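Visitor: query-v6.txt is reproduced below (compact mmCIF, C-alpha atoms and all ligand atoms).
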# COMPACT_ATOMS: atom_id res chain seq x y z
CA MET A 1 0.30 12.02 6.55
CA SER A 2 -2.88 10.41 7.73
CA LEU A 3 -6.12 11.66 6.32
CA HIS A 4 -8.98 12.64 8.59
CA LEU A 5 -11.94 11.89 6.43
CA GLU A 6 -14.43 13.71 8.60
CA ASP A 7 -12.36 16.87 8.48
CA MET A 8 -11.79 16.45 4.80
CA VAL A 9 -15.46 16.12 4.00
CA GLY A 10 -16.15 18.93 6.47
CA GLY A 11 -13.87 21.23 4.54
CA ARG A 12 -15.38 20.19 1.24
CA CYS A 13 -19.10 20.09 1.81
CA ILE A 14 -21.37 22.88 2.99
CA ARG A 15 -21.66 22.31 6.72
CA PRO A 16 -25.13 22.37 8.25
CA THR A 17 -25.72 24.73 11.17
CA PRO A 18 -26.45 23.17 14.61
CA GLU A 19 -30.17 24.01 14.08
CA GLU A 20 -30.18 22.33 10.67
CA LEU A 21 -28.46 19.29 12.21
CA GLU A 22 -31.27 18.86 14.74
CA ASN A 23 -33.72 17.94 11.99
CA PHE A 24 -31.22 16.61 9.49
CA GLY A 25 -33.22 13.45 8.77
CA THR A 26 -31.86 10.98 6.23
CA PRO A 27 -28.81 12.08 4.23
CA ASP A 28 -29.53 12.80 0.55
CA PHE A 29 -26.43 10.95 -0.50
CA THR A 30 -23.98 8.51 1.15
CA ILE A 31 -20.28 8.11 0.36
CA TYR A 32 -18.59 4.84 1.37
CA ASN A 33 -14.89 5.62 1.24
CA ALA A 34 -12.87 2.41 1.64
CA GLY A 35 -9.84 3.93 -0.04
CA GLN A 36 -7.28 1.54 1.44
CA PHE A 37 -9.14 -1.46 0.07
CA PRO A 38 -8.43 -2.12 -3.63
CA CYS A 39 -11.16 -3.03 -6.07
CA ASN A 40 -11.05 -6.35 -7.85
CA ARG A 41 -8.89 -5.90 -10.94
CA TYR A 42 -10.32 -9.06 -12.42
CA THR A 43 -13.82 -7.64 -12.66
CA HIS A 44 -14.93 -7.15 -16.25
CA TYR A 45 -13.60 -3.87 -17.77
CA MET A 46 -11.59 -2.99 -14.62
CA THR A 47 -8.29 -1.48 -15.72
CA SER A 48 -6.73 -0.70 -12.33
CA SER A 49 -7.14 -1.39 -8.64
CA THR A 50 -9.01 1.91 -8.19
CA SER A 51 -12.73 2.36 -8.76
CA ILE A 52 -15.29 5.05 -7.96
CA ASP A 53 -18.81 3.72 -8.40
CA ILE A 54 -21.86 5.94 -8.31
CA ASN A 55 -25.41 4.64 -8.09
CA LEU A 56 -27.73 7.54 -8.87
CA GLN A 57 -30.86 5.60 -7.95
CA ARG A 58 -29.59 4.44 -4.54
CA LYS A 59 -27.81 7.76 -4.04
CA GLU A 60 -24.57 6.08 -3.03
CA MET A 61 -20.94 6.29 -4.00
CA VAL A 62 -18.28 3.66 -3.24
CA ILE A 63 -14.59 4.59 -3.42
CA LEU A 64 -12.04 1.76 -3.55
CA GLY A 65 -8.28 1.70 -3.98
CA THR A 66 -7.48 5.41 -3.74
CA GLN A 67 -6.90 7.63 -0.74
CA TYR A 68 -6.92 10.83 -2.79
CA ALA A 69 -9.56 12.91 -1.05
CA GLY A 70 -10.34 14.70 -4.32
CA GLU A 71 -12.39 11.67 -5.42
CA MET A 72 -15.10 12.46 -2.87
CA LYS A 73 -15.66 16.00 -4.04
CA LYS A 74 -15.30 15.19 -7.72
CA GLY A 75 -17.63 12.20 -7.33
CA LEU A 76 -20.30 14.44 -5.82
CA PHE A 77 -19.61 16.96 -8.56
CA SER A 78 -20.47 14.30 -11.14
CA VAL A 79 -23.72 13.63 -9.29
CA MET A 80 -24.50 17.36 -9.42
CA HIS A 81 -23.80 17.36 -13.17
CA TYR A 82 -26.68 14.91 -13.42
CA LEU A 83 -29.13 16.32 -10.89
CA MET A 84 -28.78 20.05 -11.53
CA PRO A 85 -29.53 20.18 -15.29
CA LYS A 86 -32.67 18.12 -14.57
CA ARG A 87 -33.78 21.08 -12.42
CA GLY A 88 -32.81 23.64 -15.05
CA VAL A 89 -29.64 24.60 -13.16
CA LEU A 90 -26.25 24.67 -14.87
CA SER A 91 -23.37 23.00 -12.99
CA VAL A 92 -19.93 24.35 -13.90
CA HIS A 93 -16.31 23.32 -13.30
CA SER A 94 -15.13 26.78 -12.44
CA GLY A 95 -13.84 29.07 -9.75
CA CYS A 96 -16.01 32.06 -8.92
CA ASN A 97 -15.50 35.44 -7.31
CA MET A 98 -17.29 38.77 -7.02
CA GLY A 99 -16.13 42.40 -7.04
CA LYS A 100 -17.27 45.11 -4.64
CA ASP A 101 -19.91 46.19 -7.18
CA GLY A 102 -21.39 42.70 -7.35
CA ASP A 103 -19.74 41.78 -10.67
CA VAL A 104 -19.33 38.01 -10.74
CA ALA A 105 -16.67 36.15 -12.75
CA LEU A 106 -16.55 32.43 -13.51
CA PHE A 107 -13.14 30.83 -14.18
CA PHE A 108 -13.53 27.60 -16.15
CA GLY A 109 -10.52 25.32 -16.44
CA LEU A 110 -9.20 21.81 -16.08
CA SER A 111 -7.05 20.87 -13.10
CA GLY A 112 -3.93 23.05 -12.77
CA THR A 113 -5.03 25.82 -15.12
CA GLY A 114 -5.55 28.44 -12.39
CA LYS A 115 -9.12 28.29 -11.04
CA THR A 116 -8.04 28.32 -7.39
CA THR A 117 -5.12 30.72 -7.89
CA LEU A 118 -7.05 33.31 -9.88
CA SER A 119 -10.36 33.18 -8.03
CA THR A 120 -8.53 33.70 -4.71
CA ASP A 121 -7.97 37.42 -5.15
CA PRO A 122 -7.39 39.83 -2.24
CA ASN A 123 -9.42 42.51 -4.05
CA ARG A 124 -12.50 40.39 -4.54
CA TYR A 125 -14.91 38.21 -2.59
CA LEU A 126 -14.30 34.48 -3.02
CA ILE A 127 -17.44 32.49 -3.77
CA GLY A 128 -15.52 29.26 -4.42
CA ASP A 129 -12.57 27.76 -6.25
CA ASP A 130 -13.90 24.78 -8.20
CA GLU A 131 -17.55 23.70 -8.41
CA HIS A 132 -20.55 25.98 -8.89
CA CYS A 133 -24.12 26.20 -10.10
CA TRP A 134 -25.66 28.93 -12.23
CA SER A 135 -29.43 29.03 -11.71
CA ASP A 136 -32.18 31.55 -12.45
CA ASN A 137 -31.24 33.25 -9.17
CA GLY A 138 -27.51 33.62 -9.80
CA VAL A 139 -24.43 31.60 -8.88
CA SER A 140 -23.78 29.39 -5.86
CA ASN A 141 -20.97 27.18 -4.62
CA ILE A 142 -21.50 23.43 -4.31
CA GLU A 143 -18.72 23.13 -1.71
CA GLY A 144 -17.95 24.64 1.68
CA GLY A 145 -14.21 25.00 1.25
CA CYS A 146 -11.25 24.94 -1.09
CA TYR A 147 -8.82 22.21 -2.10
CA ALA A 148 -5.75 24.16 -3.10
CA LYS A 149 -2.67 22.65 -4.64
CA CYS A 150 0.25 23.47 -2.42
CA ILE A 151 3.30 22.27 -4.28
CA ASP A 152 5.92 25.06 -4.07
CA LEU A 153 3.49 27.18 -2.07
CA ALA A 154 5.17 30.39 -0.90
CA GLN A 155 3.82 33.10 1.38
CA GLU A 156 4.89 35.99 -0.90
CA LYS A 157 3.31 34.41 -4.01
CA GLU A 158 -0.01 33.25 -2.56
CA PRO A 159 -0.55 34.98 0.82
CA ASP A 160 -4.28 34.16 1.08
CA ILE A 161 -3.77 30.42 0.52
CA TRP A 162 -0.72 30.42 2.81
CA ASN A 163 -2.64 32.13 5.61
CA ALA A 164 -5.64 29.81 5.13
CA ILE A 165 -3.45 26.90 6.27
CA LYS A 166 -4.08 26.94 10.00
CA PHE A 167 -5.95 24.79 12.56
CA GLY A 168 -8.93 23.24 10.76
CA THR A 169 -7.05 22.75 7.49
CA VAL A 170 -6.08 19.28 6.32
CA LEU A 171 -2.80 18.99 4.44
CA GLU A 172 -2.72 15.98 2.16
CA ASN A 173 0.41 14.20 0.95
CA VAL A 174 2.82 16.92 2.05
CA VAL A 175 6.16 16.06 3.65
CA PHE A 176 6.86 17.67 7.02
CA ASP A 177 9.21 17.52 9.99
CA GLU A 178 7.50 15.41 12.64
CA HIS A 179 9.09 17.33 15.49
CA THR A 180 8.88 20.95 14.38
CA ARG A 181 5.82 20.38 12.13
CA GLU A 182 7.46 22.50 9.48
CA VAL A 183 6.02 21.63 6.07
CA TYR A 184 8.34 21.28 3.06
CA TYR A 185 6.10 22.53 0.29
CA VAL A 186 8.80 21.99 -2.33
CA ASP A 187 9.05 18.27 -1.54
CA ARG A 188 7.43 16.22 -4.34
CA SER A 189 8.52 12.82 -3.03
CA VAL A 190 4.97 11.61 -2.22
CA THR A 191 3.33 13.28 -5.21
CA GLU A 192 3.32 16.57 -7.10
CA ASN A 193 -0.41 16.81 -6.29
CA THR A 194 -0.12 17.95 -2.66
CA ARG A 195 -3.22 19.66 -1.28
CA ALA A 196 -4.52 21.94 1.42
CA CYS A 197 -8.19 21.52 2.21
CA TYR A 198 -9.61 24.42 4.23
CA PRO A 199 -13.09 25.71 5.03
CA ILE A 200 -14.03 28.77 2.99
CA GLU A 201 -14.05 30.92 6.15
CA HIS A 202 -10.25 30.64 6.21
CA ILE A 203 -10.14 33.07 3.30
CA PRO A 204 -10.64 36.54 4.83
CA ASN A 205 -12.75 37.95 1.99
CA ALA A 206 -14.88 34.87 1.40
CA LYS A 207 -18.49 35.57 0.45
CA ILE A 208 -20.62 33.72 3.01
CA PRO A 209 -23.06 32.27 2.16
CA CYS A 210 -21.22 31.43 -1.07
CA VAL A 211 -23.77 32.83 -3.49
CA GLY A 212 -23.77 35.76 -5.89
CA PRO A 213 -25.69 37.39 -8.73
CA HIS A 214 -25.45 36.34 -12.39
CA ALA A 215 -22.01 36.17 -14.00
CA LYS A 216 -20.77 39.20 -15.90
CA ASN A 217 -17.55 37.59 -17.18
CA VAL A 218 -17.00 34.01 -18.24
CA ILE A 219 -13.27 33.30 -18.36
CA LEU A 220 -12.07 30.13 -20.06
CA LEU A 221 -8.62 29.17 -18.74
CA ALA A 222 -6.72 27.17 -21.34
CA CYS A 223 -3.23 26.11 -20.36
CA ASP A 224 -1.70 25.97 -23.85
CA ALA A 225 1.42 23.78 -23.85
CA PHE A 226 2.01 24.67 -27.52
CA GLY A 227 2.43 28.35 -26.60
CA VAL A 228 0.47 29.72 -29.57
CA LEU A 229 -2.75 30.95 -27.95
CA PRO A 230 -2.73 34.64 -26.94
CA PRO A 231 -2.49 35.49 -23.22
CA VAL A 232 -6.02 36.91 -23.54
CA SER A 233 -8.67 37.22 -26.23
CA LYS A 234 -12.25 38.47 -26.19
CA LEU A 235 -14.73 35.92 -27.48
CA THR A 236 -18.04 36.22 -29.24
CA LEU A 237 -20.82 34.06 -27.81
CA PRO A 238 -20.41 31.37 -30.52
CA GLN A 239 -16.62 31.41 -29.93
CA THR A 240 -17.20 31.00 -26.20
CA MET A 241 -19.36 27.96 -26.93
CA TYR A 242 -16.84 26.57 -29.40
CA HIS A 243 -14.01 26.78 -26.86
CA PHE A 244 -16.21 25.61 -23.99
CA ILE A 245 -17.27 22.50 -25.89
CA SER A 246 -13.71 21.89 -27.15
CA GLY A 247 -12.14 22.33 -23.69
CA TYR A 248 -8.64 22.60 -25.10
CA THR A 249 -5.95 22.65 -22.45
CA ALA A 250 -2.97 20.70 -21.16
CA LEU A 251 -2.91 18.01 -18.56
CA ILE A 252 -0.43 19.34 -16.02
CA ALA A 253 2.23 17.26 -14.29
CA GLY A 254 0.92 15.68 -11.12
CA THR A 255 -2.79 16.21 -11.74
CA GLU A 256 -3.31 12.78 -13.27
CA ASP A 257 -1.49 9.51 -12.77
CA GLY A 258 1.44 9.13 -15.15
CA ILE A 259 1.46 12.75 -16.38
CA LEU A 260 5.00 14.05 -15.91
CA GLU A 261 4.99 16.94 -18.36
CA PRO A 262 2.21 19.04 -19.94
CA GLN A 263 0.21 17.16 -22.53
CA ALA A 264 -2.31 18.70 -24.93
CA THR A 265 -5.83 17.45 -24.46
CA PHE A 266 -9.46 18.29 -25.17
CA SER A 267 -11.73 17.94 -22.17
CA ALA A 268 -15.28 18.96 -23.09
CA CYS A 269 -16.73 21.71 -20.86
CA PHE A 270 -13.26 21.86 -19.22
CA GLY A 271 -14.34 18.85 -17.18
CA ALA A 272 -15.09 15.83 -19.40
CA ALA A 273 -14.44 13.44 -16.52
CA PHE A 274 -17.26 14.95 -14.46
CA ILE A 275 -20.08 15.62 -16.92
CA MET A 276 -22.97 13.17 -17.16
CA LEU A 277 -24.90 14.48 -20.16
CA HIS A 278 -23.70 15.35 -23.64
CA PRO A 279 -21.41 18.44 -23.61
CA THR A 280 -23.75 20.35 -25.92
CA ARG A 281 -26.48 20.20 -23.25
CA TYR A 282 -24.32 22.20 -20.83
CA ALA A 283 -23.19 24.49 -23.65
CA ALA A 284 -26.80 25.32 -24.54
CA MET A 285 -27.52 26.24 -20.91
CA LEU A 286 -24.38 28.35 -20.67
CA ALA A 287 -25.18 30.16 -23.94
CA GLU A 288 -28.72 30.88 -22.79
CA ARG A 289 -27.51 32.36 -19.47
CA MET A 290 -24.71 34.38 -21.02
CA ARG A 291 -27.08 35.83 -23.59
CA ARG A 292 -29.80 36.60 -21.03
CA HIS A 293 -27.40 38.33 -18.62
CA GLY A 294 -25.10 39.95 -21.19
CA ALA A 295 -21.97 38.13 -19.97
CA THR A 296 -18.72 38.48 -21.92
CA GLY A 297 -16.56 35.45 -22.74
CA TRP A 298 -12.75 35.52 -22.57
CA LEU A 299 -10.07 32.98 -23.43
CA VAL A 300 -7.04 33.27 -21.15
CA ASN A 301 -3.91 31.23 -21.82
CA THR A 302 -2.27 30.38 -18.50
CA GLY A 303 0.11 28.02 -20.30
CA TRP A 304 3.18 28.65 -22.40
CA SER A 305 4.53 31.76 -24.08
CA GLY A 306 7.67 32.27 -26.20
CA GLY A 307 7.57 28.71 -27.56
CA SER A 308 6.02 25.36 -26.74
CA TYR A 309 6.71 23.51 -23.49
CA GLY A 310 10.44 22.80 -23.35
CA VAL A 311 11.37 25.97 -25.28
CA GLY A 312 9.15 28.75 -23.91
CA GLN A 313 8.08 29.48 -20.34
CA ARG A 314 4.80 29.32 -18.50
CA MET A 315 2.96 32.65 -18.69
CA LYS A 316 3.99 34.79 -15.76
CA LEU A 317 1.35 34.60 -13.06
CA SER A 318 1.77 38.33 -12.40
CA TYR A 319 0.80 39.07 -16.04
CA THR A 320 -2.19 36.75 -15.91
CA ARG A 321 -3.33 38.51 -12.74
CA LYS A 322 -3.11 41.89 -14.50
CA ILE A 323 -5.15 40.52 -17.39
CA ILE A 324 -7.78 39.22 -15.00
CA ASP A 325 -7.83 42.63 -13.21
CA ALA A 326 -8.48 44.35 -16.55
CA ILE A 327 -11.36 41.97 -17.27
CA HIS A 328 -12.90 42.58 -13.84
CA ASN A 329 -12.61 46.37 -13.91
CA GLY A 330 -14.04 46.59 -17.41
CA SER A 331 -11.02 48.38 -18.92
CA LEU A 332 -10.30 45.48 -21.28
CA LEU A 333 -13.61 46.05 -23.02
CA ASN A 334 -12.32 49.49 -24.05
CA ALA A 335 -9.10 48.25 -25.69
CA LYS A 336 -8.67 48.20 -29.47
CA TYR A 337 -8.86 44.67 -30.84
CA GLU A 338 -7.13 42.95 -33.71
CA GLU A 339 -8.27 39.61 -35.16
CA THR A 340 -5.70 36.82 -35.43
CA PRO A 341 -5.41 34.59 -38.48
CA VAL A 342 -6.41 30.91 -38.16
CA PHE A 343 -8.20 31.08 -34.77
CA LYS A 344 -9.91 34.44 -35.48
CA LEU A 345 -9.36 35.55 -31.89
CA GLN A 346 -9.73 39.19 -30.86
CA ILE A 347 -6.50 40.36 -29.18
CA PRO A 348 -6.41 43.65 -27.21
CA ASP A 349 -3.67 46.18 -27.99
CA TYR A 350 -3.13 47.14 -24.35
CA VAL A 351 -3.49 45.63 -20.88
CA GLU A 352 -2.26 47.70 -17.97
CA GLY A 353 0.86 46.16 -16.41
CA VAL A 354 1.49 43.66 -19.22
CA PRO A 355 4.16 44.28 -21.91
CA SER A 356 2.13 44.87 -25.09
CA HIS A 357 4.41 42.81 -27.34
CA ILE A 358 3.57 39.56 -25.50
CA LEU A 359 -0.15 39.98 -26.23
CA HIS A 360 0.54 38.65 -29.75
CA PRO A 361 2.22 35.25 -29.22
CA GLU A 362 4.17 35.35 -32.50
CA ASN A 363 6.19 38.29 -31.09
CA THR A 364 7.50 36.05 -28.32
CA TRP A 365 8.72 33.19 -30.55
CA SER A 366 12.27 33.44 -31.92
CA ASP A 367 11.42 31.09 -34.80
CA ALA A 368 8.53 32.57 -36.85
CA GLN A 369 8.22 29.49 -39.06
CA ALA A 370 8.01 27.16 -36.05
CA TYR A 371 5.28 29.38 -34.60
CA LYS A 372 3.24 29.23 -37.81
CA GLU A 373 3.58 25.46 -38.06
CA THR A 374 2.65 24.94 -34.42
CA LEU A 375 -0.41 27.18 -34.83
CA GLU A 376 -1.55 25.15 -37.85
CA LYS A 377 -0.92 21.94 -35.95
CA LEU A 378 -3.08 23.08 -33.06
CA ALA A 379 -5.84 24.27 -35.42
CA ALA A 380 -5.87 20.82 -37.04
CA LEU A 381 -6.23 19.18 -33.61
CA PHE A 382 -9.17 21.48 -32.80
CA LYS A 383 -10.91 20.65 -36.08
CA LYS A 384 -10.41 16.93 -35.62
CA ASN A 385 -11.74 17.08 -32.08
CA PHE A 386 -14.80 19.14 -33.05
CA GLU A 387 -15.88 16.52 -35.60
CA ASN A 388 -17.30 14.72 -32.55
CA PHE A 389 -19.80 17.55 -32.03
CA SER A 390 -20.71 18.77 -35.50
CA ASP A 391 -23.89 16.68 -35.72
CA TYR A 392 -25.42 17.95 -32.51
CA LYS A 393 -28.05 20.65 -32.25
CA ILE A 394 -27.36 23.29 -29.61
CA GLY A 395 -30.29 25.23 -28.18
CA ASN A 396 -33.75 25.49 -29.71
CA ASP A 397 -32.84 26.29 -33.27
CA ASN A 398 -29.95 25.48 -35.58
CA ARG A 399 -28.70 29.05 -35.79
CA LEU A 400 -26.38 28.84 -32.79
CA THR A 401 -25.09 25.43 -33.90
CA GLN A 402 -24.13 26.88 -37.27
CA GLU A 403 -22.52 29.94 -35.68
CA ILE A 404 -20.53 27.74 -33.28
CA LEU A 405 -19.26 25.55 -36.11
CA GLU A 406 -18.10 28.70 -37.91
CA ALA A 407 -16.41 30.05 -34.75
CA GLY A 408 -13.61 27.48 -34.85
CA PRO A 409 -10.23 27.86 -36.55
CA LEU A 410 -10.05 28.13 -40.36
N1 LIG A 501 -0.02 32.25 -15.53
C1 LIG A 501 -0.52 31.46 -14.60
N2 LIG A 501 -1.84 31.52 -14.28
C2 LIG A 501 -2.36 30.71 -13.35
N3 LIG A 501 -1.64 29.81 -12.63
C3 LIG A 501 -0.31 29.73 -12.87
C4 LIG A 501 0.29 30.55 -13.87
N4 LIG A 501 1.61 30.25 -13.90
C5 LIG A 501 1.82 29.30 -12.99
N5 LIG A 501 0.68 28.98 -12.34
C6 LIG A 501 0.58 27.94 -11.28
O1 LIG A 501 -0.27 26.92 -11.76
C7 LIG A 501 -1.02 26.35 -10.70
C8 LIG A 501 -2.51 26.51 -10.96
O2 LIG A 501 -3.17 25.66 -10.08
P1 LIG A 501 -4.63 25.90 -9.50
O3 LIG A 501 -4.91 27.35 -9.35
O4 LIG A 501 -4.75 25.03 -8.31
O5 LIG A 501 -5.51 25.31 -10.69
P2 LIG A 501 -6.98 24.70 -10.63
O6 LIG A 501 -7.67 25.29 -9.45
O7 LIG A 501 -7.56 25.12 -11.94
O8 LIG A 501 -6.80 23.21 -10.53
C9 LIG A 501 -0.63 27.10 -9.42
O9 LIG A 501 0.39 26.38 -8.78
C10 LIG A 501 -0.08 28.43 -9.99
O10 LIG A 501 0.89 29.03 -9.14
C1 LIG A 502 -9.51 17.99 -7.14
C2 LIG A 502 -9.36 18.18 -8.41
O1 LIG A 502 -9.67 19.38 -8.99
P1 LIG A 502 -8.65 20.59 -9.20
O2 LIG A 502 -7.30 19.98 -9.53
O3 LIG A 502 -9.20 21.40 -10.33
O4 LIG A 502 -8.59 21.32 -7.90
C3 LIG A 502 -8.88 17.11 -9.29
O5 LIG A 502 -9.13 17.21 -10.50
O6 LIG A 502 -8.24 16.18 -8.80
Represent the structure contained in this file as structure tokens.

Guide:
Amino acid sequence: MSLHLEDMVGGRCIRPTPEELENFGTPDFTIYNAGQFPCNRYTHYMTSSTSIDINLQRKEMVILGTQYAGEMKKGLFSVMHYLMPKRGVLSVHSGCNMGKDGDVALFFGLSGTGKTTLSTDPNRYLIGDDEHCWSDNGVSNIEGGCYAKCIDLAQEKEPDIWNAIKFGTVLENVVFDEHTREVYYVDRSVTENTRACYPIEHIPNAKIPCVGPHAKNVILLACDAFGVLPPVSKLTLPQTMYHFISGYTALIAGTEDGILEPQATFSACFGAAFIMLHPTRYAAMLAERMRRHGATGWLVNTGWSGGSYGVGQRMKLSYTRKIIDAIHNGSLLNAKYEETPVFKLQIPDYVEGVPSHILHPENTWSDAQAYKETLEKLAALFKKNFENFSDYKIGNDNRLTQEILEAGPL
């Protein structure tokens, strides 16, 4: 399918009103997208025929050798990760929505972990699905639309996303019948990473303009391919920082070239590819905001349960939705909590609509010894990864740094 770049950027960026366009002046930033034209592989350090080059001084980005429209928005996101902290504003790789009472939730997560799916919620106002800022005034979206994955999209499962696909939406890399225009969402022959790019107004309960008050809940979505992290745990502030800096998750099939099955990874701030400063700089800003506004941190495993990938299954989306509902409505704060060994995570005893036995992952594994070994293996990976950060000071004094170091697995 051909790509209409104007439409694509239109769906992605915040569109100026006709009045604003009259005095638009010089653009702040220019993207040269020559995606069909490969870069020179023989240039020093070039490892493929694709390059995305950003010049912060000239305020220009050049895209070569890739027609994936995601590069434009993620390139600008990287620019924002440089510019915003300079202005004291935190940029975050997260979805964002707001309840009727003005309670805002941020959903951090790497590609495929559920930001779009879980922030698009018929009972809440959508602020955005992927890129936001958290300033002294509250949260705001960087984009003007969503870029939803649409592989296996089904009306019953995701009605809001399904209904958002109408005139004004660009479908990317999907296979369709040229005569009837019927789209085969199950067809992965072009790529697994098929997309629907639609303006935010296509979601009926979008919050326009896409701004909201300070976040009340900070939800870290970790897609655990080992299947040992609990479906949900409540985090202390130092634990939130530990997991935010670690960014443990799985690369999901189709989200990166060559990834065919889930692969464990650590992606600092749940977006290592997009951050421009050291991860601890963003962590310090997040900690300061969460503390100031009394936000609660949660770790939600949208990955495997009942065993690692290959043995267990992906957490049921309907259960994850119930967990997210209980976070939003505050009922999860009233549960009784039990601390797990090794990761020291607080697991609730009850979540409405979720079978209680699955809340403790070891109950879902048939082989208790394999569970224990896998848990230890994951803890060792966390510790090894965090060695990269142990020498950095976070915030104004060393207290938080020490607390964060102690918040990791034993
Ligand atoms: N338990 C779960 N929680 C969230 N998403 C899930 C879950 N199980 C399966 N999925 C699927 O995983 C994908 C998540 O993708 P998406 O929401 O686009 O992630 P992101 O916006 O973080 O890139 C969707 O296709 C969703 O249907
Ligand atoms: C566009 C992207 O973001 P996400 O998959 O999180 O939507 C991407 O990482 O390619």

Visitor: Take the point (-16.6, 30.4, -11.9) as written in the file and pick out every residue within 12 Å of it, counting all atoms listed in the file; give the list as a VMD selection string.

Guide: chain A and resid 90 to 98 103 to 109 114 to 116 118 to 120 126 to 134 138 to 142 210 to 221 270 286 297

Visitor: Taking every listed atom of range 40-54 of chain A and adding 4 Å to each side, what centre and edge lengths in Å (one decimal) does the axis-aligned box have, as lines of an AutoDock Vina configuration file?

Guide:
center_x = -14.3
center_y = -1.6
center_z = -12.8
size_x = 23.1
size_y = 23.0
size_z = 17.9

Visitor: What residues of the protein or nucleic acid chains come within 8 Å of ligand LIG 502 (chain A) when you use only C-alpha atoms and all ligand atoms? Reply as a list in words.

Guide: Ala69, Gly70, Glu71, Lys73, Lys74, His93, Gly109, Leu110, Ser111, Gly112, Thr113, Lys115, Thr116, Asp129, Asp130, Tyr147, Ala148, Lys149, Thr255 and Glu256 of chain A

Visitor: Can you pull out the residues contacting Phe382 in chain A? Cut-off 9 Å, using only C-alpha atoms, and skip same-chain residues under 5 positions away; I want them as a PyMOL selection string.

Guide: chain A and resi 246+248+266+377+387+408-409

Visitor: Suppose you want the space between CA of Ile259 in chain A and CA of Gly35 in chain A; what is it in Å?

Guide: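 These atoms are spaced 21.7 Å apart.
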
Visitor: Determine, counting all atoms listed in the file, which protein, DNA and RNA residues have an atom within 8 Å of an atom of Val89 in chain A; residues of the same chain fewer than 3 positions away are not included. Present the result as JSON, numbers by chain.

Guide: {"A": [84, 85, 86, 133, 134, 135, 136]}

Visitor: Provide range 55-69 of chain A of the preceding structure as a file containing N, CA and C atoms, as a CSV table (one decimal), in the first residue's frame.

Guide:
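Output contents, as saved in decode-v2.csv:
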chain,number,residue,atom,x,y,z
A,55,ASN,N,20.0,16.5,13.2
A,55,ASN,CA,20.9,17.6,13.5
A,55,ASN,C,20.2,18.5,14.4
A,56,LEU,N,20.6,18.5,15.7
A,56,LEU,CA,19.8,19.3,16.7
A,56,LEU,C,20.0,20.8,16.5
A,57,GLN,N,21.2,21.2,16.0
A,57,GLN,CA,21.5,22.6,15.8
A,57,GLN,C,20.8,23.1,14.6
A,58,ARG,N,20.8,22.4,13.5
A,58,ARG,CA,20.1,22.8,12.3
A,58,ARG,C,18.6,22.5,12.3
A,59,LYS,N,18.2,21.7,13.3
A,59,LYS,CA,16.8,21.4,13.5
A,59,LYS,C,16.2,20.6,12.3
A,60,GLU,N,17.0,19.6,11.9
A,60,GLU,CA,16.6,18.8,10.7
A,60,GLU,C,16.8,17.4,10.9
A,61,MET,N,16.0,16.6,10.3
A,61,MET,CA,16.1,15.1,10.3
A,61,MET,C,16.0,14.6,8.9
A,62,VAL,N,17.0,13.7,8.6
A,62,VAL,CA,17.0,13.0,7.3
A,62,VAL,C,16.8,11.5,7.4
A,63,ILE,N,15.7,11.0,6.8
A,63,ILE,CA,15.4,9.6,6.8
A,63,ILE,C,15.8,9.0,5.5
A,64,LEU,N,16.6,7.9,5.5
A,64,LEU,CA,17.0,7.2,4.3
A,64,LEU,C,16.8,5.7,4.4
A,65,GLY,N,16.3,5.1,3.4
A,65,GLY,CA,16.3,3.6,3.3
A,65,GLY,C,15.3,2.9,4.2
A,66,THR,N,14.3,3.6,4.6
A,66,THR,CA,13.2,3.0,5.3
A,66,THR,C,11.9,3.7,5.0
A,67,GLN,N,10.8,3.0,4.7
A,67,GLN,CA,9.5,3.6,4.5
A,67,GLN,C,8.6,3.4,5.7
A,68,TYR,N,9.1,2.9,6.8
A,68,TYR,CA,8.3,2.8,8.0
A,68,TYR,C,8.0,4.2,8.6
A,69,ALA,N,6.7,4.5,8.6
A,69,ALA,CA,6.4,5.9,9.0
A,69,ALA,C,6.7,6.2,10.5
